[in-house]
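protein_3.cif follows; it contains mmCIF, C-alpha atoms.
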data_coords
#
loop_
_atom_site.group_PDB
_atom_site.id
_atom_site.type_symbol
_atom_site.label_atom_id
_atom_site.label_comp_id
_atom_site.auth_asym_id
_atom_site.auth_seq_id
_atom_site.Cartn_x
_atom_site.Cartn_y
_atom_site.Cartn_z
ATOM 1 C CA MET A 1 -35.459 -19.980 23.524
ATOM 2 C CA THR A 2 -37.622 -16.896 23.603
ATOM 3 C CA LEU A 3 -40.628 -18.869 22.280
ATOM 4 C CA ASN A 4 -41.369 -22.409 23.382
ATOM 5 C CA ASP A 5 -39.067 -25.298 22.523
ATOM 6 C CA ARG A 6 -40.701 -25.895 19.137
ATOM 7 C CA PHE A 7 -41.476 -23.161 16.652
ATOM 8 C CA MET A 8 -41.703 -22.367 12.967
ATOM 9 C CA ILE A 9 -40.074 -19.758 10.732
ATOM 10 C CA LYS A 10 -41.735 -18.920 7.431
ATOM 11 C CA VAL A 11 -40.022 -16.702 4.848
ATOM 12 C CA PRO A 12 -41.505 -15.647 1.487
ATOM 13 C CA ALA A 13 -39.752 -15.756 -1.862
ATOM 14 C CA SER A 14 -39.019 -12.548 -3.714
ATOM 15 C CA THR A 15 -38.454 -11.052 -7.102
ATOM 16 C CA ALA A 16 -36.025 -8.171 -7.552
ATOM 17 C CA ASN A 17 -35.424 -5.255 -9.903
ATOM 18 C CA LEU A 18 -38.821 -5.354 -11.708
ATOM 19 C CA GLY A 19 -36.843 -4.172 -14.702
ATOM 20 C CA PRO A 20 -35.075 -0.869 -13.932
ATOM 21 C CA GLY A 21 -34.965 -1.014 -10.112
ATOM 22 C CA PHE A 22 -31.528 -2.637 -10.117
ATOM 23 C CA ASP A 23 -30.470 -3.862 -6.642
ATOM 24 C CA SER A 24 -33.019 -1.579 -4.968
ATOM 25 C CA ILE A 25 -36.604 -2.710 -5.710
ATOM 26 C CA GLY A 26 -38.077 -6.012 -4.534
ATOM 27 C CA LEU A 27 -41.442 -7.726 -4.240
ATOM 28 C CA ALA A 28 -42.385 -10.538 -1.841
ATOM 29 C CA LEU A 29 -44.111 -13.561 -3.415
ATOM 30 C CA ASN A 30 -46.264 -16.306 -1.935
ATOM 31 C CA LEU A 31 -43.758 -19.128 -2.260
ATOM 32 C CA TYR A 32 -42.190 -20.047 1.069
ATOM 33 C CA LEU A 33 -39.145 -21.405 2.858
ATOM 34 C CA THR A 34 -40.379 -23.052 6.059
ATOM 35 C CA LEU A 35 -38.347 -24.209 9.053
ATOM 36 C CA GLU A 36 -39.663 -26.335 11.917
ATOM 37 C CA ILE A 37 -37.236 -25.987 14.822
ATOM 38 C CA GLU A 38 -36.720 -27.661 18.183
ATOM 39 C CA LYS A 39 -33.931 -27.815 20.756
ATOM 40 C CA ASN A 40 -31.381 -30.558 20.240
ATOM 41 C CA ASP A 41 -27.997 -31.695 21.527
ATOM 42 C CA GLN A 42 -26.400 -31.093 18.116
ATOM 43 C CA TRP A 43 -27.157 -29.307 14.863
ATOM 44 C CA GLU A 44 -29.274 -31.409 12.513
ATOM 45 C CA CYS A 45 -30.928 -30.260 9.292
ATOM 46 C CA TYR A 46 -33.405 -32.400 7.403
ATOM 47 C CA SER A 47 -34.712 -31.404 3.987
ATOM 48 C CA LEU A 48 -38.337 -32.291 3.346
ATOM 49 C CA CYS A 49 -38.270 -31.561 -0.400
ATOM 50 C CA GLU A 50 -36.303 -33.156 -3.221
ATOM 51 C CA GLU A 51 -34.562 -29.962 -4.366
ATOM 52 C CA LEU A 52 -32.846 -29.474 -0.983
ATOM 53 C CA LYS A 53 -31.858 -33.106 -0.382
ATOM 54 C CA ASP A 54 -28.172 -32.637 -1.270
ATOM 55 C CA LEU A 55 -27.589 -29.774 1.182
ATOM 56 C CA PRO A 56 -25.563 -30.367 4.378
ATOM 57 C CA THR A 57 -27.303 -31.932 7.368
ATOM 58 C CA ASP A 58 -25.090 -30.426 10.089
ATOM 59 C CA ASP A 59 -24.033 -26.939 11.166
ATOM 60 C CA SER A 60 -22.311 -26.356 7.817
ATOM 61 C CA HIS A 61 -25.766 -25.806 6.310
ATOM 62 C CA PHE A 62 -25.973 -22.214 5.057
ATOM 63 C CA ILE A 63 -28.959 -21.326 7.242
ATOM 64 C CA CYS A 64 -27.108 -22.592 10.324
ATOM 65 C CA GLN A 65 -23.990 -20.668 9.337
ATOM 66 C CA VAL A 66 -25.966 -17.418 9.062
ATOM 67 C CA ALA A 67 -27.640 -18.076 12.422
ATOM 68 C CA ILE A 68 -24.439 -19.008 14.264
ATOM 69 C CA LYS A 69 -22.514 -16.030 12.843
ATOM 70 C CA THR A 70 -25.350 -13.588 13.588
ATOM 71 C CA ALA A 71 -25.588 -14.744 17.198
ATOM 72 C CA ALA A 72 -21.798 -14.694 17.604
ATOM 73 C CA ASP A 73 -21.703 -11.068 16.447
ATOM 74 C CA TYR A 74 -23.898 -10.299 19.478
ATOM 75 C CA GLY A 75 -21.744 -12.376 21.826
ATOM 76 C CA ILE A 76 -24.109 -15.361 21.906
ATOM 77 C CA ASP A 77 -23.043 -19.000 21.477
ATOM 78 C CA LEU A 78 -26.169 -20.293 19.764
ATOM 79 C CA PRO A 79 -27.567 -23.543 21.218
ATOM 80 C CA PRO A 80 -27.903 -26.336 18.612
ATOM 81 C CA CYS A 81 -31.253 -27.178 17.062
ATOM 82 C CA LYS A 82 -32.910 -29.808 14.946
ATOM 83 C CA ILE A 83 -34.403 -28.174 11.853
ATOM 84 C CA ASN A 84 -36.831 -29.616 9.326
ATOM 85 C CA ILE A 85 -36.603 -27.527 6.179
ATOM 86 C CA ASP A 86 -39.203 -27.357 3.421
ATOM 87 C CA SER A 87 -39.308 -24.968 0.492
ATOM 88 C CA ASP A 88 -41.279 -24.301 -2.662
ATOM 89 C CA ILE A 89 -38.790 -21.607 -3.751
ATOM 90 C CA PRO A 90 -36.749 -23.017 -6.661
ATOM 91 C CA LEU A 91 -32.969 -22.704 -6.258
ATOM 92 C CA ALA A 92 -30.876 -20.445 -8.531
ATOM 93 C CA ARG A 93 -33.869 -19.310 -10.595
ATOM 94 C CA GLY A 94 -34.067 -15.625 -9.629
ATOM 95 C CA LEU A 95 -36.767 -15.997 -6.970
ATOM 96 C CA GLY A 96 -34.730 -15.104 -3.890
ATOM 97 C CA SER A 97 -33.881 -18.566 -2.536
ATOM 98 C CA SER A 98 -30.573 -17.410 -1.044
ATOM 99 C CA ALA A 99 -32.148 -14.245 0.398
ATOM 100 C CA ALA A 100 -34.885 -16.322 2.045
ATOM 101 C CA ALA A 101 -32.221 -18.588 3.573
ATOM 102 C CA ILE A 102 -30.349 -15.560 4.930
ATOM 103 C CA VAL A 103 -33.507 -14.118 6.477
ATOM 104 C CA ALA A 104 -34.389 -17.536 7.942
ATOM 105 C CA GLY A 105 -30.935 -17.792 9.532
ATOM 106 C CA ILE A 106 -31.243 -14.340 11.103
ATOM 107 C CA GLU A 107 -34.731 -15.101 12.404
ATOM 108 C CA LEU A 108 -33.369 -18.368 13.845
ATOM 109 C CA ALA A 109 -30.546 -16.562 15.630
ATOM 110 C CA ASP A 110 -32.935 -13.942 16.960
ATOM 111 C CA ALA A 111 -35.466 -16.466 18.256
ATOM 112 C CA VAL A 112 -33.060 -19.017 19.752
ATOM 113 C CA GLY A 113 -30.456 -16.541 20.943
ATOM 114 C CA GLY A 114 -32.935 -14.043 22.374
ATOM 115 C CA LEU A 115 -31.278 -11.195 20.474
ATOM 116 C CA ARG A 116 -34.432 -9.055 20.303
ATOM 117 C CA LEU A 117 -33.417 -7.581 16.962
ATOM 118 C CA THR A 118 -35.527 -4.871 15.374
ATOM 119 C CA LYS A 119 -36.702 -5.271 11.804
ATOM 120 C CA GLU A 120 -34.196 -2.597 10.785
ATOM 121 C CA GLU A 121 -31.328 -4.479 12.440
ATOM 122 C CA LYS A 122 -32.354 -7.704 10.731
ATOM 123 C CA LEU A 123 -32.432 -5.882 7.400
ATOM 124 C CA LEU A 124 -28.924 -4.486 7.819
ATOM 125 C CA ILE A 125 -27.514 -7.890 8.769
ATOM 126 C CA ALA A 126 -29.291 -9.559 5.841
ATOM 127 C CA THR A 127 -28.137 -6.895 3.390
ATOM 128 C CA LYS A 128 -24.512 -7.347 4.473
ATOM 129 C CA TRP A 129 -24.843 -11.046 3.686
ATOM 130 C CA GLU A 130 -26.641 -10.534 0.365
ATOM 131 C CA GLY A 131 -24.880 -7.365 -0.806
ATOM 132 C CA HIS A 132 -28.073 -5.483 -1.712
ATOM 133 C CA PRO A 133 -31.413 -4.956 0.035
ATOM 134 C CA ASP A 134 -34.023 -5.817 -2.593
ATOM 135 C CA ASN A 135 -34.603 -9.557 -2.090
ATOM 136 C CA VAL A 136 -33.869 -9.712 1.636
ATOM 137 C CA GLY A 137 -35.962 -6.607 2.271
ATOM 138 C CA ALA A 138 -38.943 -8.090 0.467
ATOM 139 C CA SER A 139 -38.597 -11.370 2.389
ATOM 140 C CA LEU A 140 -38.398 -9.514 5.710
ATOM 141 C CA TYR A 141 -40.999 -6.793 5.223
ATOM 142 C CA GLY A 142 -43.343 -8.231 2.610
ATOM 143 C CA GLY A 143 -45.019 -6.191 -0.111
ATOM 144 C CA LEU A 144 -43.209 -3.959 -2.565
ATOM 145 C CA VAL A 145 -39.963 -2.631 -1.105
ATOM 146 C CA VAL A 146 -37.638 0.154 -2.189
ATOM 147 C CA GLY A 147 -34.278 0.328 -0.450
ATOM 148 C CA CYS A 148 -30.875 1.991 -0.467
ATOM 149 C CA TYR A 149 -27.654 0.532 0.996
ATOM 150 C CA ASP A 150 -24.443 2.471 1.596
ATOM 151 C CA GLN A 151 -22.337 -0.191 3.402
ATOM 152 C CA HIS A 152 -23.185 1.164 6.857
ATOM 153 C CA GLU A 153 -26.964 1.505 6.871
ATOM 154 C CA VAL A 154 -30.039 0.530 4.919
ATOM 155 C CA ASP A 155 -33.074 2.716 4.383
ATOM 156 C CA MET A 156 -36.205 1.000 3.130
ATOM 157 C CA LEU A 157 -39.919 1.558 2.631
ATOM 158 C CA SER A 158 -42.526 -1.162 2.114
ATOM 159 C CA PHE A 159 -45.848 -0.760 0.304
ATOM 160 C CA THR A 160 -48.677 -3.267 0.623
ATOM 161 C CA ASN A 161 -52.096 -4.014 -0.855
ATOM 162 C CA LEU A 162 -51.128 -3.528 -4.496
ATOM 163 C CA PRO A 163 -53.826 -5.189 -6.665
ATOM 164 C CA LEU A 164 -51.411 -7.289 -8.707
ATOM 165 C CA GLU A 165 -50.973 -10.887 -9.759
ATOM 166 C CA MET A 166 -47.791 -12.338 -11.164
ATOM 167 C CA VAL A 167 -47.184 -15.311 -13.408
ATOM 168 C CA VAL A 168 -43.655 -16.688 -13.384
ATOM 169 C CA VAL A 169 -42.174 -18.823 -16.151
ATOM 170 C CA ILE A 170 -39.350 -20.893 -14.655
ATOM 171 C CA PRO A 171 -36.887 -22.647 -16.984
ATOM 172 C CA LYS A 172 -35.355 -25.947 -15.959
ATOM 173 C CA GLU A 173 -31.840 -24.511 -16.300
ATOM 174 C CA ILE A 174 -30.271 -22.664 -13.388
ATOM 175 C CA LEU A 175 -28.489 -19.326 -13.779
ATOM 176 C CA LEU A 176 -26.047 -18.366 -11.057
ATOM 177 C CA THR A 177 -26.055 -14.709 -10.017
ATOM 178 C CA LYS A 178 -22.292 -14.429 -10.572
ATOM 179 C CA GLU A 179 -22.645 -15.599 -14.164
ATOM 180 C CA SER A 180 -25.422 -13.110 -14.863
ATOM 181 C CA ARG A 181 -23.494 -10.265 -13.191
ATOM 182 C CA ASP A 182 -20.403 -10.968 -15.285
ATOM 183 C CA VAL A 183 -22.202 -9.818 -18.441
ATOM 184 C CA LEU A 184 -22.991 -6.364 -17.024
ATOM 185 C CA PRO A 185 -20.943 -3.249 -17.803
ATOM 186 C CA THR A 186 -18.384 -2.254 -15.187
ATOM 187 C CA SER A 187 -19.508 1.381 -15.428
ATOM 188 C CA TYR A 188 -22.165 3.639 -16.954
ATOM 189 C CA SER A 189 -21.828 7.162 -18.285
ATOM 190 C CA ARG A 190 -23.523 9.969 -16.395
ATOM 191 C CA GLN A 191 -26.144 10.224 -19.110
ATOM 192 C CA GLU A 192 -26.808 6.467 -19.024
ATOM 193 C CA ALA A 193 -27.062 6.451 -15.223
ATOM 194 C CA ALA A 194 -29.436 9.437 -15.191
ATOM 195 C CA GLN A 195 -31.692 7.856 -17.811
ATOM 196 C CA ALA A 196 -31.744 4.472 -16.086
ATOM 197 C CA SER A 197 -32.419 6.038 -12.673
ATOM 198 C CA SER A 198 -35.280 8.166 -13.959
ATOM 199 C CA THR A 199 -36.841 5.045 -15.472
ATOM 200 C CA ALA A 200 -36.717 3.289 -12.086
ATOM 201 C CA ASN A 201 -38.162 6.353 -10.337
ATOM 202 C CA LEU A 202 -41.072 6.516 -12.744
ATOM 203 C CA LEU A 203 -41.682 2.765 -12.387
ATOM 204 C CA ILE A 204 -42.283 3.204 -8.649
ATOM 205 C CA ALA A 205 -44.564 6.196 -9.209
ATOM 206 C CA ALA A 206 -46.524 4.230 -11.811
ATOM 207 C CA LEU A 207 -46.952 1.181 -9.561
ATOM 208 C CA LEU A 208 -48.069 3.215 -6.563
ATOM 209 C CA SER A 209 -50.541 5.233 -8.655
ATOM 210 C CA GLN A 210 -51.715 2.005 -10.361
ATOM 211 C CA ASN A 211 -50.855 3.283 -13.813
ATOM 212 C CA TRP A 212 -50.157 -0.209 -15.119
ATOM 213 C CA THR A 213 -49.505 0.773 -18.725
ATOM 214 C CA LEU A 214 -46.786 3.196 -17.692
ATOM 215 C CA ALA A 215 -45.319 0.670 -15.232
ATOM 216 C CA GLY A 216 -45.012 -1.880 -18.022
ATOM 217 C CA LYS A 217 -43.389 0.682 -20.292
ATOM 218 C CA MET A 218 -40.761 1.464 -17.645
ATOM 219 C CA MET A 219 -40.043 -2.250 -17.151
ATOM 220 C CA ASP A 220 -39.326 -2.484 -20.878
ATOM 221 C CA GLN A 221 -37.072 0.576 -20.874
ATOM 222 C CA ASP A 222 -34.602 -0.652 -18.253
ATOM 223 C CA SER A 223 -31.012 -0.087 -19.359
ATOM 224 C CA PHE A 224 -29.207 -1.110 -16.160
ATOM 225 C CA HIS A 225 -29.176 -4.885 -16.655
ATOM 226 C CA GLN A 226 -31.882 -6.451 -18.800
ATOM 227 C CA PRO A 227 -30.395 -5.643 -22.238
ATOM 228 C CA TYR A 228 -27.276 -7.582 -21.213
ATOM 229 C CA ARG A 229 -29.010 -10.484 -19.468
ATOM 230 C CA LYS A 230 -31.927 -11.179 -21.790
ATOM 231 C CA PRO A 231 -29.698 -12.970 -24.350
ATOM 232 C CA LEU A 232 -28.844 -15.495 -21.609
ATOM 233 C CA ILE A 233 -32.526 -16.465 -21.308
ATOM 234 C CA ASP A 234 -33.987 -18.806 -23.910
ATOM 235 C CA SER A 235 -37.419 -17.798 -25.216
ATOM 236 C CA TYR A 236 -37.517 -14.453 -23.346
ATOM 237 C CA GLU A 237 -38.933 -12.535 -26.307
ATOM 238 C CA GLU A 238 -41.486 -15.260 -27.067
ATOM 239 C CA ILE A 239 -42.646 -15.323 -23.420
ATOM 240 C CA GLU A 240 -42.893 -11.527 -23.336
ATOM 241 C CA LYS A 241 -44.918 -11.347 -26.553
ATOM 242 C CA LEU A 242 -47.380 -14.069 -25.534
ATOM 243 C CA ALA A 243 -47.775 -12.652 -22.012
ATOM 244 C CA LYS A 244 -48.679 -9.198 -23.297
ATOM 245 C CA MET A 245 -51.219 -10.746 -25.685
ATOM 246 C CA ASN A 246 -52.897 -12.444 -22.720
ATOM 247 C CA GLY A 247 -53.304 -9.740 -20.098
ATOM 248 C CA ALA A 248 -49.811 -8.901 -18.821
ATOM 249 C CA PHE A 249 -49.094 -5.174 -18.618
ATOM 250 C CA GLY A 250 -45.387 -5.728 -17.978
ATOM 251 C CA VAL A 251 -42.708 -8.406 -18.230
ATOM 252 C CA ALA A 252 -39.254 -8.497 -16.642
ATOM 253 C CA LEU A 253 -36.471 -10.794 -15.600
ATOM 254 C CA SER A 254 -37.000 -11.977 -12.039
ATOM 255 C CA GLY A 255 -33.827 -10.817 -10.357
ATOM 256 C CA ALA A 256 -30.882 -12.032 -12.389
ATOM 257 C CA GLY A 257 -33.040 -14.635 -14.150
ATOM 258 C CA PRO A 258 -33.589 -17.117 -15.665
ATOM 259 C CA THR A 259 -37.195 -16.856 -14.417
ATOM 260 C CA VAL A 260 -39.352 -14.431 -16.374
ATOM 261 C CA ILE A 261 -42.034 -12.653 -14.331
ATOM 262 C CA CYS A 262 -45.206 -11.316 -15.937
ATOM 263 C CA PHE A 263 -47.363 -8.742 -14.151
ATOM 264 C CA SER A 264 -51.126 -8.434 -14.481
ATOM 265 C CA GLU A 265 -53.957 -6.688 -12.700
ATOM 266 C CA LYS A 266 -55.662 -8.766 -10.037
ATOM 267 C CA GLY A 267 -58.098 -11.232 -11.594
ATOM 268 C CA LYS A 268 -56.243 -11.600 -14.893
ATOM 269 C CA GLY A 269 -53.527 -13.994 -13.772
ATOM 270 C CA GLN A 270 -55.308 -17.297 -14.411
ATOM 271 C CA LYS A 271 -55.879 -16.655 -18.118
ATOM 272 C CA LEU A 272 -52.273 -15.539 -18.429
ATOM 273 C CA LYS A 273 -51.025 -18.661 -16.663
ATOM 274 C CA GLN A 274 -53.047 -20.975 -18.901
ATOM 275 C CA ALA A 275 -51.774 -19.324 -22.084
ATOM 276 C CA LEU A 276 -48.136 -19.558 -20.995
ATOM 277 C CA GLU A 277 -48.489 -23.170 -19.807
ATOM 278 C CA LYS A 278 -49.920 -24.198 -23.157
ATOM 279 C CA GLU A 279 -47.136 -22.553 -25.150
ATOM 280 C CA PHE A 280 -44.201 -23.458 -22.876
ATOM 281 C CA PRO A 281 -44.988 -26.951 -21.484
ATOM 282 C CA GLU A 282 -41.299 -27.653 -20.842
ATOM 283 C CA MET A 283 -41.127 -24.846 -18.272
ATOM 284 C CA THR A 284 -42.809 -24.463 -14.869
ATOM 285 C CA VAL A 285 -45.517 -21.794 -14.857
ATOM 286 C CA LYS A 286 -46.981 -20.517 -11.574
ATOM 287 C CA ARG A 287 -49.570 -17.856 -10.784
ATOM 288 C CA LEU A 288 -48.476 -15.942 -7.688
ATOM 289 C CA SER A 289 -49.673 -13.151 -5.453
ATOM 290 C CA ILE A 290 -47.848 -10.633 -3.283
ATOM 291 C CA ASP A 291 -46.998 -11.680 0.270
ATOM 292 C CA ASP A 292 -47.698 -8.585 2.376
ATOM 293 C CA GLN A 293 -46.576 -10.049 5.721
ATOM 294 C CA GLY A 294 -42.915 -10.919 5.251
ATOM 295 C CA SER A 295 -41.016 -13.345 7.459
ATOM 296 C CA CYS A 296 -42.727 -14.587 10.605
ATOM 297 C CA VAL A 297 -41.871 -16.694 13.645
ATOM 298 C CA ASN A 298 -44.611 -18.612 15.451
ATOM 299 C CA GLU A 299 -44.971 -21.352 18.002
ATOM 300 C CA LEU A 300 -45.445 -24.612 16.137
ATOM 301 C CA GLU A 301 -48.790 -25.368 17.765
ATOM 302 C CA GLU A 302 -50.319 -22.394 15.937
ATOM 303 C CA TYR A 303 -49.727 -24.208 12.652
ATOM 304 C CA VAL A 304 -50.943 -27.572 13.936
ATOM 305 C CA LYS A 305 -54.398 -26.353 15.010
#

Mind turning this structure into structure tokens?
Amino acid sequence: MTLNDRFMIKVPASTANLGPGFDSIGLALNLYLTLEIEKNDQWECYSLCEELKDLPTDDSHFICQVAIKTAADYGIDLPPCKINIDSDIPLARGLGSSAAAIVAGIELADAVGGLRLTKEEKLLIATKWEGHPDNVGASLYGGLVVGCYDQHEVDMLSFTNLPLEMVVVIPKEILLTKESRDVLPTSYSRQEAAQASSTANLLIAALLSQNWTLAGKMMDQDSFHQPYRKPLIDSYEEIEKLAKMNGAFGVALSGAGPTVICFSEKGKGQKLKQALEKEFPEMTVKRLSIDDQGSCVNELEEYVK
């Protein structure tokens, strides 16, 4: 191993699209997938949280598969490891659980296999697995990311230190990405594509210039995916209305849903969280901040101190 024999990988959750930024805009969130890793004579994966308990315990685990395949693509037969896996990223809820697993697998291959991958190389590998760069880019780079993928290369920029808080409303029901993609149109007219793209462009300009009112307006005006997906989400309109009455400047589906993400200026998230918790007690409500660091690999002792 390039580190010592025991180390930790920590990967943040993510939200994607932010309304109109379909498959291109992502934001890293302070929920984490955490792996504690040590050398072993065979692959073993142990889940430390209830939600992951039914996942495979051997090298058929998705994270192991990503790691083994990534190393093999560089001509490396990856040595087996024992991995303790913990996560507070809910599965299949639109908060980037699969993207975090992909990034964790690539970081594992890089650390154990000594691949010395650049951040850009990791991003391209992750995007090929995921199919688009928004979630994986946010998990890798941290902050607000804007990316473009053309099958052969990924270009991405990351922006940090945005004074935002987010409150997510997470339904108990899962929504698989395939199911939510099946409701989308197979094509858009030139006029529709131009309008939707200009909305996404203005969203980024509004966020970076901290024009929150305009950012929220652009989130509402998405025509790429939200008009088709919102009917799949129970209580979306009620959540949106209450959130905007309690300090949210914008509301959007988190990725493909079903989680609804509400954006507020820094300092206003707690009031927003309390209002949503009171009205929707059957759902999980969390106040989150932006993770500006992205994925990291550290010797385990640094976390023990």

Using all atoms listed in the file, pick whichever of A:Ile63, A:Met156, A:Ala138, A:Ala256 has the shortest atom-to-atom distance to Val183 in chain A.
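The shortest atom-to-atom distance to Val183 in chain A comes from A:Ala256.
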
Could you please determine the separation between CA of Gly105 in chain A and CA of Pro171 in chain A in Å, to one decimal place?
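Computed distance, CA of Gly105 in chain A to CA of Pro171 in chain A, equals 27.6 Å.
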
With a distance cut-off of 7 Å and all atoms listed in the file, select the neighbouring residues of range 146-149 of chain A, excluding the residue or stretch itself and same-chain residues fewer than 5 positions from it, and output the selection as a list in words.
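The contact residues come out as Ser24, Ile25, Gly26, His132, Pro133, Asp134, Val154, Asp155, Met156, Leu157 and Ser158 of chain A.
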
Shell of 12 Å around range 55-59 of chain A, all atoms listed in the file, local chain residues under 2 positions omitted, as a compact mmCIF listing (two decimals) with C-alpha atoms, in the frame of the given file:
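Listed below is the output, selection-v5.txt:
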# COMPACT_ATOMS: atom_id res chain seq x y z
CA ASN A 40 -31.38 -30.56 20.24
CA ASP A 41 -28.00 -31.70 21.53
CA GLN A 42 -26.40 -31.09 18.12
CA TRP A 43 -27.16 -29.31 14.86
CA GLU A 44 -29.27 -31.41 12.51
CA CYS A 45 -30.93 -30.26 9.29
CA TYR A 46 -33.40 -32.40 7.40
CA SER A 47 -34.71 -31.40 3.99
CA LEU A 48 -38.34 -32.29 3.35
CA CYS A 49 -38.27 -31.56 -0.40
CA GLU A 50 -36.30 -33.16 -3.22
CA GLU A 51 -34.56 -29.96 -4.37
CA LEU A 52 -32.85 -29.47 -0.98
CA LYS A 53 -31.86 -33.11 -0.38
CA HIS A 61 -25.77 -25.81 6.31
CA PHE A 62 -25.97 -22.21 5.06
CA ILE A 63 -28.96 -21.33 7.24
CA CYS A 64 -27.11 -22.59 10.32
CA GLN A 65 -23.99 -20.67 9.34
CA VAL A 66 -25.97 -17.42 9.06
CA ALA A 67 -27.64 -18.08 12.42
CA ILE A 68 -24.44 -19.01 14.26
CA LYS A 69 -22.51 -16.03 12.84
CA LEU A 78 -26.17 -20.29 19.76
CA PRO A 79 -27.57 -23.54 21.22
CA PRO A 80 -27.90 -26.34 18.61
CA CYS A 81 -31.25 -27.18 17.06
CA LYS A 82 -32.91 -29.81 14.95
CA ILE A 83 -34.40 -28.17 11.85
CA ASN A 84 -36.83 -29.62 9.33
CA ILE A 85 -36.60 -27.53 6.18
CA LEU A 91 -32.97 -22.70 -6.26
CA GLY A 105 -30.94 -17.79 9.53

Separation of CA of Thr259 in chain A and CA of Thr213 in chain A, in Å?
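Separation of CA of Thr259 in chain A and CA of Thr213 in chain A: 21.9 Å.
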
Taking (-53.3, -21.5, -21.1) in the coordinates of the supplied file, I want to know which residues reach to within 12 Å of it, counting all atoms listed in the file; could you give the answer as a CSV table (one decimal) with C-alpha atoms, in the frame of the given file?
chain,number,residue,atom,x,y,z
A,167,VAL,CA,-47.2,-15.3,-13.4
A,242,LEU,CA,-47.4,-14.1,-25.5
A,243,ALA,CA,-47.8,-12.7,-22.0
A,245,MET,CA,-51.2,-10.7,-25.7
A,246,ASN,CA,-52.9,-12.4,-22.7
A,247,GLY,CA,-53.3,-9.7,-20.1
A,269,GLY,CA,-53.5,-14.0,-13.8
A,270,GLN,CA,-55.3,-17.3,-14.4
A,271,LYS,CA,-55.9,-16.7,-18.1
A,272,LEU,CA,-52.3,-15.5,-18.4
A,273,LYS,CA,-51.0,-18.7,-16.7
A,274,GLN,CA,-53.0,-21.0,-18.9
A,275,ALA,CA,-51.8,-19.3,-22.1
A,276,LEU,CA,-48.1,-19.6,-21.0
A,277,GLU,CA,-48.5,-23.2,-19.8
A,278,LYS,CA,-49.9,-24.2,-23.2
A,279,GLU,CA,-47.1,-22.6,-25.2
A,280,PHE,CA,-44.2,-23.5,-22.9
A,281,PRO,CA,-45.0,-27.0,-21.5
A,285,VAL,CA,-45.5,-21.8,-14.9
A,286,LYS,CA,-47.0,-20.5,-11.6
A,287,ARG,CA,-49.6,-17.9,-10.8

List, as a PyMOL selection string, every residue that the PyMOL selection byres ((chain A and resi 263) around 6) selects in the file provided.
chain A and resi 166+248-250+262+264

Using Å and a single decimal, report how far CA of Pro163 in chain A sits from CA of Ala99 in chain A.
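About the pair CA of Ala99 in chain A and CA of Pro163 in chain A: they are 24.5 Å apart.
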
Determine, counting all atoms listed in the file, which protein, DNA and RNA residues have an atom within 9 Å of an atom of Ser139 in chain A; residues of the same chain fewer than 5 positions away are not included. Present the result as a list in words.
Val11, Pro12, Ala13, Ser14, Gly26, Leu27, Ala28, Leu29, Gly96, Ala99, Ala100, Val103, Asp134, Asp291, Gln293, Gly294 and Ser295 of chain A

Could you give me, as a PyMOL selection string, the residues within 9 Å of Val260 in chain A, counting all atoms listed in the file and dropping anything in the same chain fewer than 6 positions from it?
chain A and resi 94+167-171+233+236+239-240+251-254

Starting from the displayed file, determine the output of the PyMOL selection byres ((chain A and resi 174) around 8) and express the residue list as number ranges by chain.
A: 91-93, 171-173, 175-176, 258

Residues as selected, C-alpha atoms, written as a PDB file, in the coordinates of the input, can you do that?
ATOM      1  CA  LEU A  91     -32.969 -22.704  -6.258  1.00  0.00           C
ATOM      2  CA  ALA A  92     -30.876 -20.445  -8.531  1.00  0.00           C
ATOM      3  CA  ARG A  93     -33.869 -19.310 -10.595  1.00  0.00           C
ATOM      4  CA  PRO A 171     -36.887 -22.647 -16.984  1.00  0.00           C
ATOM      5  CA  LYS A 172     -35.355 -25.947 -15.959  1.00  0.00           C
ATOM      6  CA  GLU A 173     -31.840 -24.511 -16.300  1.00  0.00           C
ATOM      7  CA  LEU A 175     -28.489 -19.326 -13.779  1.00  0.00           C
ATOM      8  CA  LEU A 176     -26.047 -18.366 -11.057  1.00  0.00           C
ATOM      9  CA  PRO A 258     -33.589 -17.117 -15.665  1.00  0.00           C
TER      10      PRO A 258
END

Output check: residues returned by the PyMOL selection byres ((chain A and resi 296-300) around 12), as a VMD selection string
chain A and resid 1 to 12 32 to 38 100 103 to 112 119 139 to 142 291 to 295 301 to 305

Close residues, Gln221 in chain A itself excluded, 9 Å, all atoms listed in the file, min 4 positions apart in chain, as a ChimeraX atom specification:
/A:19-20,196,199,216-217,226

Name the closest residue to Asp182 in chain A among the candidates A:Arg229, A:Asp54, A:Leu214, A:Asn135; distances are taken between atoms, counting only C-alpha atoms.
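Smallest distance to Asp182 in chain A is found for A:Arg229.
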
Do you know which residues lie at most 9 Å from (-24.5, -12.9, -3.0), with coordinates as in the file and all atoms listed in the file counted, and could you write them as a compact mmCIF listing (two decimals) with C-alpha atoms, in the coordinates of the input?
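Heads up, here's the output in result_4.txt:
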# COMPACT_ATOMS: atom_id res chain seq x y z
CA SER A 98 -30.57 -17.41 -1.04
CA ALA A 99 -32.15 -14.24 0.40
CA TRP A 129 -24.84 -11.05 3.69
CA GLU A 130 -26.64 -10.53 0.36
CA GLY A 131 -24.88 -7.36 -0.81
CA HIS A 132 -28.07 -5.48 -1.71
CA THR A 177 -26.06 -14.71 -10.02
CA LYS A 178 -22.29 -14.43 -10.57
